[in-house]
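Undergrad: Sharing entry19.cif (mmCIF, N, CA, C and O atoms) below.
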data_entry
loop_
_atom_site.label_atom_id
_atom_site.label_comp_id
_atom_site.auth_asym_id
_atom_site.auth_seq_id
_atom_site.Cartn_x
_atom_site.Cartn_y
_atom_site.Cartn_z
N MET I 1 -26.30 -22.52 5.90
CA MET I 1 -27.35 -23.51 5.78
C MET I 1 -28.61 -22.83 5.25
O MET I 1 -28.93 -21.72 5.68
N LEU I 2 -29.29 -23.49 4.34
CA LEU I 2 -30.49 -22.93 3.75
C LEU I 2 -31.74 -23.48 4.43
O LEU I 2 -31.79 -24.66 4.79
N SER I 3 -32.74 -22.63 4.56
CA SER I 3 -34.03 -23.09 5.09
C SER I 3 -34.75 -23.86 3.98
O SER I 3 -34.35 -23.82 2.81
N ASP I 4 -35.84 -24.53 4.32
CA ASP I 4 -36.61 -25.25 3.31
C ASP I 4 -37.11 -24.30 2.23
O ASP I 4 -37.09 -24.63 1.05
N ASP I 5 -37.58 -23.11 2.64
CA ASP I 5 -38.07 -22.13 1.67
C ASP I 5 -36.95 -21.67 0.75
O ASP I 5 -37.16 -21.48 -0.46
N GLU I 6 -35.75 -21.48 1.29
CA GLU I 6 -34.62 -21.06 0.46
C GLU I 6 -34.22 -22.15 -0.53
O GLU I 6 -33.88 -21.86 -1.68
N VAL I 7 -34.28 -23.41 -0.11
CA VAL I 7 -33.97 -24.51 -1.01
C VAL I 7 -34.99 -24.57 -2.14
O VAL I 7 -34.64 -24.73 -3.31
N ARG I 8 -36.27 -24.40 -1.81
CA ARG I 8 -37.31 -24.38 -2.85
C ARG I 8 -37.08 -23.24 -3.83
O ARG I 8 -37.18 -23.42 -5.04
N TRP I 9 -36.76 -22.06 -3.30
CA TRP I 9 -36.48 -20.91 -4.16
C TRP I 9 -35.29 -21.19 -5.06
O TRP I 9 -35.33 -20.93 -6.26
N LEU I 10 -34.22 -21.72 -4.48
CA LEU I 10 -33.01 -22.01 -5.25
C LEU I 10 -33.31 -23.03 -6.35
O LEU I 10 -32.89 -22.87 -7.50
N TRP I 11 -34.05 -24.08 -6.01
CA TRP I 11 -34.37 -25.12 -6.99
C TRP I 11 -35.15 -24.54 -8.17
O TRP I 11 -34.85 -24.83 -9.32
N ARG I 12 -36.13 -23.72 -7.88
CA ARG I 12 -36.91 -23.08 -8.96
C ARG I 12 -36.03 -22.14 -9.78
O ARG I 12 -36.18 -22.06 -11.00
N ALA I 13 -35.15 -21.42 -9.11
CA ALA I 13 -34.24 -20.52 -9.82
C ALA I 13 -33.32 -21.30 -10.76
O ALA I 13 -33.00 -20.84 -11.85
N CYS I 14 -32.92 -22.50 -10.34
CA CYS I 14 -32.06 -23.34 -11.18
C CYS I 14 -32.74 -23.69 -12.49
O CYS I 14 -32.07 -23.86 -13.52
N ASP I 15 -34.07 -23.82 -12.47
CA ASP I 15 -34.80 -24.12 -13.70
C ASP I 15 -34.78 -22.94 -14.67
O ASP I 15 -34.98 -23.11 -15.86
N GLU I 16 -34.53 -21.74 -14.16
CA GLU I 16 -34.50 -20.54 -14.99
C GLU I 16 -33.09 -20.17 -15.46
O GLU I 16 -32.93 -19.39 -16.38
N ILE I 17 -32.08 -20.74 -14.81
CA ILE I 17 -30.69 -20.40 -15.12
C ILE I 17 -30.25 -21.17 -16.36
O ILE I 17 -30.60 -22.33 -16.54
N ASN I 18 -29.46 -20.54 -17.17
CA ASN I 18 -28.94 -21.18 -18.38
C ASN I 18 -28.11 -22.41 -18.06
O ASN I 18 -27.44 -22.47 -17.04
N PHE I 19 -28.17 -23.40 -18.97
CA PHE I 19 -27.29 -24.56 -18.88
C PHE I 19 -25.85 -24.07 -19.05
O PHE I 19 -25.62 -23.17 -19.85
N PRO I 20 -24.93 -24.59 -18.31
CA PRO I 20 -24.97 -25.72 -17.42
C PRO I 20 -25.14 -25.37 -15.95
O PRO I 20 -25.13 -26.23 -15.09
N PHE I 21 -25.31 -24.10 -15.64
CA PHE I 21 -25.24 -23.66 -14.25
C PHE I 21 -26.43 -24.10 -13.39
O PHE I 21 -26.27 -24.40 -12.21
N GLY I 22 -27.62 -24.16 -13.96
CA GLY I 22 -28.77 -24.65 -13.21
C GLY I 22 -28.59 -26.10 -12.77
O GLY I 22 -28.68 -26.41 -11.57
N PRO I 23 -28.31 -27.02 -13.72
CA PRO I 23 -28.09 -28.41 -13.32
C PRO I 23 -26.89 -28.59 -12.39
O PRO I 23 -26.94 -29.40 -11.46
N ILE I 24 -25.84 -27.85 -12.60
CA ILE I 24 -24.68 -27.97 -11.71
C ILE I 24 -25.08 -27.58 -10.29
O ILE I 24 -24.74 -28.29 -9.33
N THR I 25 -25.82 -26.49 -10.14
CA THR I 25 -26.23 -26.05 -8.80
C THR I 25 -27.14 -27.09 -8.15
O THR I 25 -27.01 -27.39 -6.96
N LYS I 26 -28.03 -27.69 -8.92
CA LYS I 26 -28.89 -28.75 -8.37
C LYS I 26 -28.04 -29.92 -7.86
O LYS I 26 -28.31 -30.48 -6.79
N LEU I 27 -27.01 -30.30 -8.64
CA LEU I 27 -26.16 -31.41 -8.21
C LEU I 27 -25.36 -31.05 -6.97
O LEU I 27 -25.13 -31.91 -6.11
N LEU I 28 -24.96 -29.80 -6.84
CA LEU I 28 -24.27 -29.37 -5.63
C LEU I 28 -25.17 -29.55 -4.41
O LEU I 28 -24.74 -30.03 -3.36
N VAL I 29 -26.43 -29.17 -4.55
CA VAL I 29 -27.40 -29.31 -3.46
C VAL I 29 -27.64 -30.78 -3.13
O VAL I 29 -27.65 -31.17 -1.96
N LEU I 30 -27.82 -31.59 -4.15
CA LEU I 30 -28.17 -33.00 -3.95
C LEU I 30 -27.03 -33.87 -3.46
O LEU I 30 -27.25 -34.85 -2.75
N THR I 31 -25.80 -33.55 -3.86
CA THR I 31 -24.68 -34.44 -3.55
C THR I 31 -23.76 -33.93 -2.44
O THR I 31 -23.06 -34.72 -1.81
N GLY I 32 -23.73 -32.63 -2.23
CA GLY I 32 -22.76 -32.09 -1.28
C GLY I 32 -21.34 -32.11 -1.81
O GLY I 32 -20.39 -31.84 -1.09
N ALA I 33 -21.19 -32.43 -3.09
CA ALA I 33 -19.86 -32.46 -3.71
C ALA I 33 -19.35 -31.04 -3.89
O ALA I 33 -20.11 -30.07 -3.85
N ARG I 34 -18.06 -30.93 -4.10
CA ARG I 34 -17.44 -29.62 -4.33
C ARG I 34 -17.74 -29.13 -5.73
O ARG I 34 -17.92 -29.91 -6.67
N ARG I 35 -17.78 -27.80 -5.88
CA ARG I 35 -18.10 -27.18 -7.17
C ARG I 35 -17.20 -27.70 -8.29
O ARG I 35 -17.68 -28.08 -9.36
N ASN I 36 -15.91 -27.76 -8.06
CA ASN I 36 -14.98 -28.20 -9.10
C ASN I 36 -15.17 -29.67 -9.45
O ASN I 36 -14.92 -30.08 -10.58
N GLU I 37 -15.60 -30.48 -8.48
CA GLU I 37 -15.85 -31.89 -8.75
C GLU I 37 -17.07 -32.04 -9.67
O GLU I 37 -17.05 -32.83 -10.61
N VAL I 38 -18.11 -31.26 -9.40
CA VAL I 38 -19.33 -31.36 -10.21
C VAL I 38 -19.11 -30.77 -11.60
O VAL I 38 -19.47 -31.37 -12.60
N ARG I 39 -18.49 -29.61 -11.67
CA ARG I 39 -18.35 -28.97 -12.99
C ARG I 39 -17.43 -29.75 -13.92
O ARG I 39 -17.52 -29.63 -15.13
N ALA I 40 -16.56 -30.58 -13.37
CA ALA I 40 -15.66 -31.40 -14.19
C ALA I 40 -16.10 -32.86 -14.24
O ALA I 40 -15.32 -33.73 -14.60
N MET I 41 -17.36 -33.12 -13.89
CA MET I 41 -17.90 -34.48 -13.92
C MET I 41 -17.72 -35.07 -15.32
O MET I 41 -17.99 -34.42 -16.32
N LEU I 42 -17.24 -36.30 -15.35
CA LEU I 42 -17.01 -36.99 -16.62
C LEU I 42 -18.03 -38.12 -16.80
O LEU I 42 -18.40 -38.78 -15.82
N GLU I 43 -18.44 -38.33 -18.03
CA GLU I 43 -19.39 -39.41 -18.30
C GLU I 43 -18.86 -40.75 -17.79
O GLU I 43 -19.62 -41.56 -17.27
N GLY I 44 -17.56 -40.96 -17.93
CA GLY I 44 -16.95 -42.21 -17.51
C GLY I 44 -16.96 -42.44 -16.00
O GLY I 44 -16.70 -43.55 -15.54
N GLU I 45 -17.24 -41.41 -15.22
CA GLU I 45 -17.30 -41.54 -13.77
C GLU I 45 -18.66 -42.05 -13.30
O GLU I 45 -18.81 -42.43 -12.14
N LEU I 46 -19.65 -42.04 -14.18
CA LEU I 46 -21.00 -42.45 -13.81
C LEU I 46 -21.25 -43.91 -14.12
O LEU I 46 -20.90 -44.39 -15.20
N ASN I 47 -21.84 -44.61 -13.17
CA ASN I 47 -22.29 -45.97 -13.39
C ASN I 47 -23.81 -45.93 -13.19
O ASN I 47 -24.30 -45.98 -12.05
N LEU I 48 -24.54 -45.79 -14.28
CA LEU I 48 -25.98 -45.63 -14.18
C LEU I 48 -26.68 -46.89 -13.72
O LEU I 48 -27.72 -46.82 -13.07
N ARG I 49 -26.10 -48.05 -14.01
CA ARG I 49 -26.70 -49.31 -13.54
C ARG I 49 -26.66 -49.40 -12.02
O ARG I 49 -27.63 -49.81 -11.39
N GLN I 50 -25.52 -49.03 -11.45
CA GLN I 50 -25.38 -49.09 -9.99
C GLN I 50 -25.80 -47.78 -9.32
O GLN I 50 -25.79 -47.69 -8.11
N ARG I 51 -26.11 -46.77 -10.14
CA ARG I 51 -26.52 -45.46 -9.65
C ARG I 51 -25.46 -44.85 -8.74
O ARG I 51 -25.73 -44.42 -7.62
N THR I 52 -24.23 -44.82 -9.26
CA THR I 52 -23.13 -44.23 -8.50
C THR I 52 -22.31 -43.31 -9.39
O THR I 52 -22.26 -43.46 -10.61
N TRP I 53 -21.67 -42.38 -8.75
CA TRP I 53 -20.71 -41.47 -9.38
C TRP I 53 -19.43 -41.61 -8.59
O TRP I 53 -19.40 -41.36 -7.38
N THR I 54 -18.35 -42.03 -9.24
CA THR I 54 -17.07 -42.20 -8.56
C THR I 54 -16.12 -41.10 -9.01
O THR I 54 -15.77 -41.00 -10.18
N ILE I 55 -15.73 -40.27 -8.05
CA ILE I 55 -14.77 -39.20 -8.31
C ILE I 55 -13.38 -39.81 -8.07
O ILE I 55 -13.09 -40.31 -6.98
N ALA I 56 -12.56 -39.77 -9.09
CA ALA I 56 -11.22 -40.37 -8.99
C ALA I 56 -10.38 -39.65 -7.94
O ALA I 56 -10.56 -38.46 -7.68
N ALA I 57 -9.45 -40.36 -7.37
CA ALA I 57 -8.55 -39.79 -6.36
C ALA I 57 -7.80 -38.58 -6.91
O ALA I 57 -7.57 -37.61 -6.19
N THR I 58 -7.49 -38.62 -8.19
CA THR I 58 -6.75 -37.51 -8.81
C THR I 58 -7.59 -36.24 -8.91
O THR I 58 -7.05 -35.16 -9.10
N ARG I 59 -8.92 -36.37 -8.79
CA ARG I 59 -9.80 -35.20 -8.89
C ARG I 59 -10.36 -34.75 -7.55
O ARG I 59 -11.03 -33.74 -7.47
N SER I 60 -10.12 -35.49 -6.50
CA SER I 60 -10.70 -35.13 -5.21
C SER I 60 -9.71 -34.30 -4.39
O SER I 60 -8.50 -34.44 -4.53
N LYS I 61 -10.25 -33.45 -3.55
CA LYS I 61 -9.42 -32.55 -2.76
C LYS I 61 -8.52 -33.31 -1.78
O LYS I 61 -7.38 -32.94 -1.56
N ASN I 62 -9.05 -34.40 -1.21
CA ASN I 62 -8.27 -35.15 -0.22
C ASN I 62 -7.41 -36.25 -0.83
O ASN I 62 -6.74 -36.98 -0.12
N GLY I 63 -7.45 -36.39 -2.17
CA GLY I 63 -6.61 -37.38 -2.84
C GLY I 63 -7.11 -38.80 -2.74
O GLY I 63 -6.40 -39.74 -3.07
N LEU I 64 -8.36 -38.97 -2.29
CA LEU I 64 -8.96 -40.30 -2.19
C LEU I 64 -10.15 -40.40 -3.13
O LEU I 64 -10.91 -39.44 -3.29
N ALA I 65 -10.32 -41.57 -3.75
CA ALA I 65 -11.49 -41.78 -4.59
C ALA I 65 -12.73 -41.68 -3.71
O ALA I 65 -12.71 -42.03 -2.53
N HIS I 66 -13.80 -41.16 -4.29
CA HIS I 66 -15.03 -40.94 -3.53
C HIS I 66 -16.22 -41.37 -4.36
O HIS I 66 -16.37 -40.97 -5.50
N GLU I 67 -17.06 -42.22 -3.78
CA GLU I 67 -18.25 -42.70 -4.48
C GLU I 67 -19.49 -42.04 -3.89
O GLU I 67 -19.68 -42.02 -2.68
N ILE I 68 -20.32 -41.49 -4.78
CA ILE I 68 -21.54 -40.82 -4.36
C ILE I 68 -22.72 -41.58 -4.95
O ILE I 68 -22.76 -41.85 -6.15
N ALA I 69 -23.68 -41.93 -4.09
CA ALA I 69 -24.90 -42.60 -4.56
C ALA I 69 -25.77 -41.59 -5.29
O ALA I 69 -25.91 -40.45 -4.86
N LEU I 70 -26.31 -42.02 -6.40
CA LEU I 70 -27.16 -41.14 -7.21
C LEU I 70 -28.61 -41.59 -7.09
O LEU I 70 -28.94 -42.73 -7.37
N THR I 71 -29.46 -40.69 -6.67
CA THR I 71 -30.90 -40.99 -6.61
C THR I 71 -31.60 -39.95 -7.47
O THR I 71 -31.71 -40.11 -8.67
N ALA I 72 -32.02 -38.84 -6.88
CA ALA I 72 -32.65 -37.75 -7.64
C ALA I 72 -31.63 -37.12 -8.59
O ALA I 72 -32.00 -36.46 -9.55
N VAL I 73 -30.37 -37.34 -8.32
CA VAL I 73 -29.31 -36.78 -9.15
C VAL I 73 -29.45 -37.25 -10.60
O VAL I 73 -29.22 -36.49 -11.54
N LEU I 74 -29.86 -38.48 -10.80
CA LEU I 74 -29.98 -39.02 -12.15
C LEU I 74 -30.99 -38.23 -12.97
O LEU I 74 -30.80 -38.01 -14.16
N THR I 75 -32.06 -37.78 -12.34
CA THR I 75 -33.06 -36.98 -13.04
C THR I 75 -32.44 -35.69 -13.57
O THR I 75 -32.69 -35.29 -14.71
N VAL I 76 -31.61 -35.05 -12.76
CA VAL I 76 -30.96 -33.80 -13.17
C VAL I 76 -29.98 -34.09 -14.31
O VAL I 76 -29.97 -33.39 -15.32
N ILE I 77 -29.18 -35.13 -14.18
CA ILE I 77 -28.19 -35.46 -15.20
C ILE I 77 -28.88 -35.81 -16.52
O ILE I 77 -28.50 -35.33 -17.57
N GLN I 78 -29.91 -36.63 -16.44
CA GLN I 78 -30.57 -37.07 -17.66
C GLN I 78 -31.38 -35.97 -18.33
O GLN I 78 -31.62 -36.02 -19.53
N SER I 79 -31.80 -34.96 -17.59
CA SER I 79 -32.58 -33.87 -18.19
C SER I 79 -31.70 -32.76 -18.75
O SER I 79 -32.18 -31.88 -19.45
N ALA I 80 -30.41 -32.79 -18.45
CA ALA I 80 -29.50 -31.76 -18.95
C ALA I 80 -29.25 -31.96 -20.43
O ALA I 80 -29.16 -33.10 -20.91
N PRO I 81 -29.11 -30.87 -21.19
CA PRO I 81 -28.79 -31.01 -22.61
C PRO I 81 -27.44 -31.70 -22.79
O PRO I 81 -26.55 -31.57 -21.96
N SER I 82 -27.32 -32.42 -23.85
CA SER I 82 -26.06 -33.11 -24.13
C SER I 82 -25.18 -32.22 -25.00
O SER I 82 -25.58 -31.82 -26.09
N VAL I 83 -24.01 -31.90 -24.50
CA VAL I 83 -23.02 -31.16 -25.27
C VAL I 83 -21.86 -32.13 -25.47
O VAL I 83 -21.04 -32.32 -24.58
N ARG I 84 -21.85 -32.80 -26.59
CA ARG I 84 -20.82 -33.81 -26.84
C ARG I 84 -19.45 -33.16 -26.98
O ARG I 84 -19.30 -32.13 -27.64
N ASN I 85 -18.49 -33.76 -26.32
CA ASN I 85 -17.13 -33.23 -26.37
C ASN I 85 -16.16 -34.38 -26.20
O ASN I 85 -16.49 -35.40 -25.61
N LYS I 86 -14.97 -34.20 -26.71
CA LYS I 86 -13.95 -35.26 -26.67
C LYS I 86 -13.51 -35.57 -25.25
O LYS I 86 -13.15 -36.69 -24.94
N ALA I 87 -13.53 -34.58 -24.37
CA ALA I 87 -13.07 -34.79 -23.00
C ALA I 87 -14.08 -35.57 -22.17
O ALA I 87 -13.74 -36.13 -21.14
N GLY I 88 -15.34 -35.61 -22.58
CA GLY I 88 -16.36 -36.36 -21.86
C GLY I 88 -17.03 -35.59 -20.73
O GLY I 88 -17.74 -36.18 -19.92
N TYR I 89 -16.85 -34.28 -20.66
CA TYR I 89 -17.49 -33.49 -19.61
C TYR I 89 -19.00 -33.46 -19.81
O TYR I 89 -19.48 -33.25 -20.92
N LEU I 90 -19.75 -33.67 -18.76
CA LEU I 90 -21.20 -33.58 -18.84
C LEU I 90 -21.66 -32.13 -18.91
O LEU I 90 -22.68 -31.82 -19.50
N PHE I 91 -20.91 -31.26 -18.28
CA PHE I 91 -21.29 -29.85 -18.22
C PHE I 91 -20.25 -29.01 -18.95
O PHE I 91 -19.21 -28.68 -18.40
N SER I 92 -20.55 -28.72 -20.19
CA SER I 92 -19.66 -27.94 -21.02
C SER I 92 -20.50 -26.96 -21.81
O SER I 92 -21.55 -27.30 -22.32
N THR I 93 -20.03 -25.72 -21.91
CA THR I 93 -20.77 -24.73 -22.68
C THR I 93 -20.29 -24.66 -24.12
O THR I 93 -20.99 -24.18 -24.99
N ASN I 94 -19.08 -25.17 -24.36
CA ASN I 94 -18.53 -25.06 -25.71
C ASN I 94 -18.13 -26.40 -26.32
O ASN I 94 -17.62 -26.45 -27.42
N GLY I 95 -18.34 -27.48 -25.60
CA GLY I 95 -18.00 -28.79 -26.12
C GLY I 95 -16.54 -29.17 -26.00
O GLY I 95 -16.15 -30.26 -26.37
N ALA I 96 -15.72 -28.27 -25.47
CA ALA I 96 -14.29 -28.55 -25.37
C ALA I 96 -13.78 -28.55 -23.93
O ALA I 96 -12.85 -29.27 -23.61
N HIS I 97 -14.38 -27.74 -23.08
CA HIS I 97 -13.89 -27.59 -21.70
C HIS I 97 -15.05 -27.73 -20.71
O HIS I 97 -16.21 -27.57 -21.08
N ARG I 98 -14.68 -28.00 -19.46
CA ARG I 98 -15.70 -28.07 -18.41
C ARG I 98 -16.34 -26.69 -18.22
O ARG I 98 -15.78 -25.68 -18.63
N ALA I 99 -17.48 -26.68 -17.59
CA ALA I 99 -18.20 -25.42 -17.36
C ALA I 99 -17.35 -24.47 -16.53
O ALA I 99 -16.64 -24.88 -15.61
N ALA I 100 -17.41 -23.21 -16.88
CA ALA I 100 -16.67 -22.18 -16.17
C ALA I 100 -17.53 -20.92 -16.11
O ALA I 100 -18.70 -20.95 -16.47
N ALA I 101 -16.96 -19.83 -15.68
CA ALA I 101 -17.61 -18.52 -15.65
C ALA I 101 -18.76 -18.45 -14.65
O ALA I 101 -19.79 -17.84 -14.91
N PHE I 102 -18.59 -19.07 -13.49
CA PHE I 102 -19.63 -19.01 -12.47
C PHE I 102 -19.89 -17.59 -12.01
O PHE I 102 -21.02 -17.19 -11.80
N ARG I 103 -18.84 -16.81 -11.86
CA ARG I 103 -19.00 -15.43 -11.40
C ARG I 103 -19.85 -14.64 -12.38
O ARG I 103 -20.77 -13.92 -11.99
N ALA I 104 -19.59 -14.78 -13.66
CA ALA I 104 -20.35 -14.06 -14.68
C ALA I 104 -21.81 -14.49 -14.65
O ALA I 104 -22.72 -13.67 -14.78
N GLN I 105 -22.08 -15.78 -14.44
CA GLN I 105 -23.45 -16.27 -14.38
C GLN I 105 -24.16 -15.74 -13.15
O GLN I 105 -25.32 -15.35 -13.22
N LYS I 106 -23.47 -15.68 -12.01
CA LYS I 106 -24.09 -15.14 -10.81
C LYS I 106 -24.45 -13.66 -11.02
O LYS I 106 -25.53 -13.23 -10.63
N LEU I 107 -23.56 -12.90 -11.62
CA LEU I 107 -23.84 -11.49 -11.88
C LEU I 107 -25.00 -11.32 -12.83
O LEU I 107 -25.86 -10.47 -12.63
N ALA I 108 -25.07 -12.13 -13.86
CA ALA I 108 -26.15 -12.06 -14.84
C ALA I 108 -27.49 -12.42 -14.20
O ALA I 108 -28.52 -11.85 -14.53
N SER I 109 -27.47 -13.35 -13.24
CA SER I 109 -28.70 -13.81 -12.60
C SER I 109 -29.25 -12.78 -11.62
O SER I 109 -30.42 -12.80 -11.31
N THR I 110 -28.40 -11.90 -11.13
CA THR I 110 -28.87 -10.92 -10.14
C THR I 110 -29.33 -9.62 -10.80
O THR I 110 -29.89 -8.78 -10.13
N ASN I 111 -29.08 -9.47 -12.08
CA ASN I 111 -29.52 -8.26 -12.79
C ASN I 111 -30.87 -8.41 -13.39
O ASN I 111 -31.40 -9.36 -13.63
#
If you took the structure in this file and wrote it as structure tokens, what would it be?

TA:
Amino acid sequence: MLSDDEVRWLWRACDEINFPFGPITKLLVLTGARRNEVRAMLEGELNLRQRTWTIAATRSKNGLAHEIALTAVLTVIQSAPSVRNKAGYLFSTNGAHRAAAFRAQKLASTN
């Protein structure tokens, strides 16, 4: 569990981290969703009118569809750069696959 000061520090650090890892980390904090669920978020899973994100049963760990209400999350999603790709991933570094290389990003951030 993070203290308020640690959350503030993390949030500021996310603004300094390269896309897509900063926005992904913010969404992890805001939603409590699993890392793999956030990094493979699809545009088609978002309903911006209803402000919801529905994770399909096929993508959830427990095999059940899960709906997450989006509040501050929309600000993070809308401020992220758009990397258009055929798969529809919101967080992609190359336009073809979901974001990966978390370990490399963590190592780069600590140096």

Undergrad: Quick check, in Å to one decimal: how far apart do CA of Thr58 (chain I) and CA of Ser79 (chain I) lie?

TA: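 Separating CA of Thr58 (chain I) from CA of Ser79 (chain I) is a distance of 27.7 Å.
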
Undergrad: In Å to one decimal, how far is atom C of Val7 (chain I) from atom C of Ala72 (chain I)?

TA: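 Computed distance, atom C of Ala72 (chain I) to atom C of Val7 (chain I), equals 14.5 Å.
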
Undergrad: Between I:Arg51, I:Asp15, I:Pro20, I:Met1, which is the closest to Thr71 (chain I) once you count only N, CA, C and O atoms?

TA: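 Smallest distance to Thr71 (chain I) is found for I:Arg51.
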
Undergrad: Enumerate, as a PyMOL selection string, the complete set of residues in chain I that a backbone-based DSSP assignment places in helix (DSSP H, G or I).

TA: chain I and resi 4-16+21-31+35-39+43-45+57-59+73-79+102-110

Undergrad: For atom N of Arg8 (chain I) and atom N of Ala69 (chain I), quote the distance in Å rounded to one decimal.

TA: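 Separation of atom N of Arg8 (chain I) and atom N of Ala69 (chain I): 21.7 Å.
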
Undergrad: Take the PyMOL selection byres (((chain I and resi 44 and name CA) around 12) and name CA), apply it to the structure above, and return the hits as a PyMOL selection string.

TA: chain I and resi 40-43+45-48+52-56+86-90

Undergrad: Here is a test: counting only C-alpha atoms, which residue of I:Leu74, I:Glu16, I:His66, I:His97 is nearest to Ala33 (chain I)?

TA: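 For Ala33 (chain I), the nearest of the candidates is I:His66.
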
Undergrad: Counting all atoms listed in the file, write as a ChimeraX atom specification all protein and nucleic acid residues lying at most 7 Å from (-33.9, -31.8, -11.7) in the file's frame.

TA: /I:23,26,72-73,75-77,79

Undergrad: Just the residues within 10 Å of Lys61 (chain I), please, counting only C-alpha atoms, with nothing from its chain fewer than 6 positions along; format it as a VMD selection string.

TA: chain I and resid 34 36 to 37
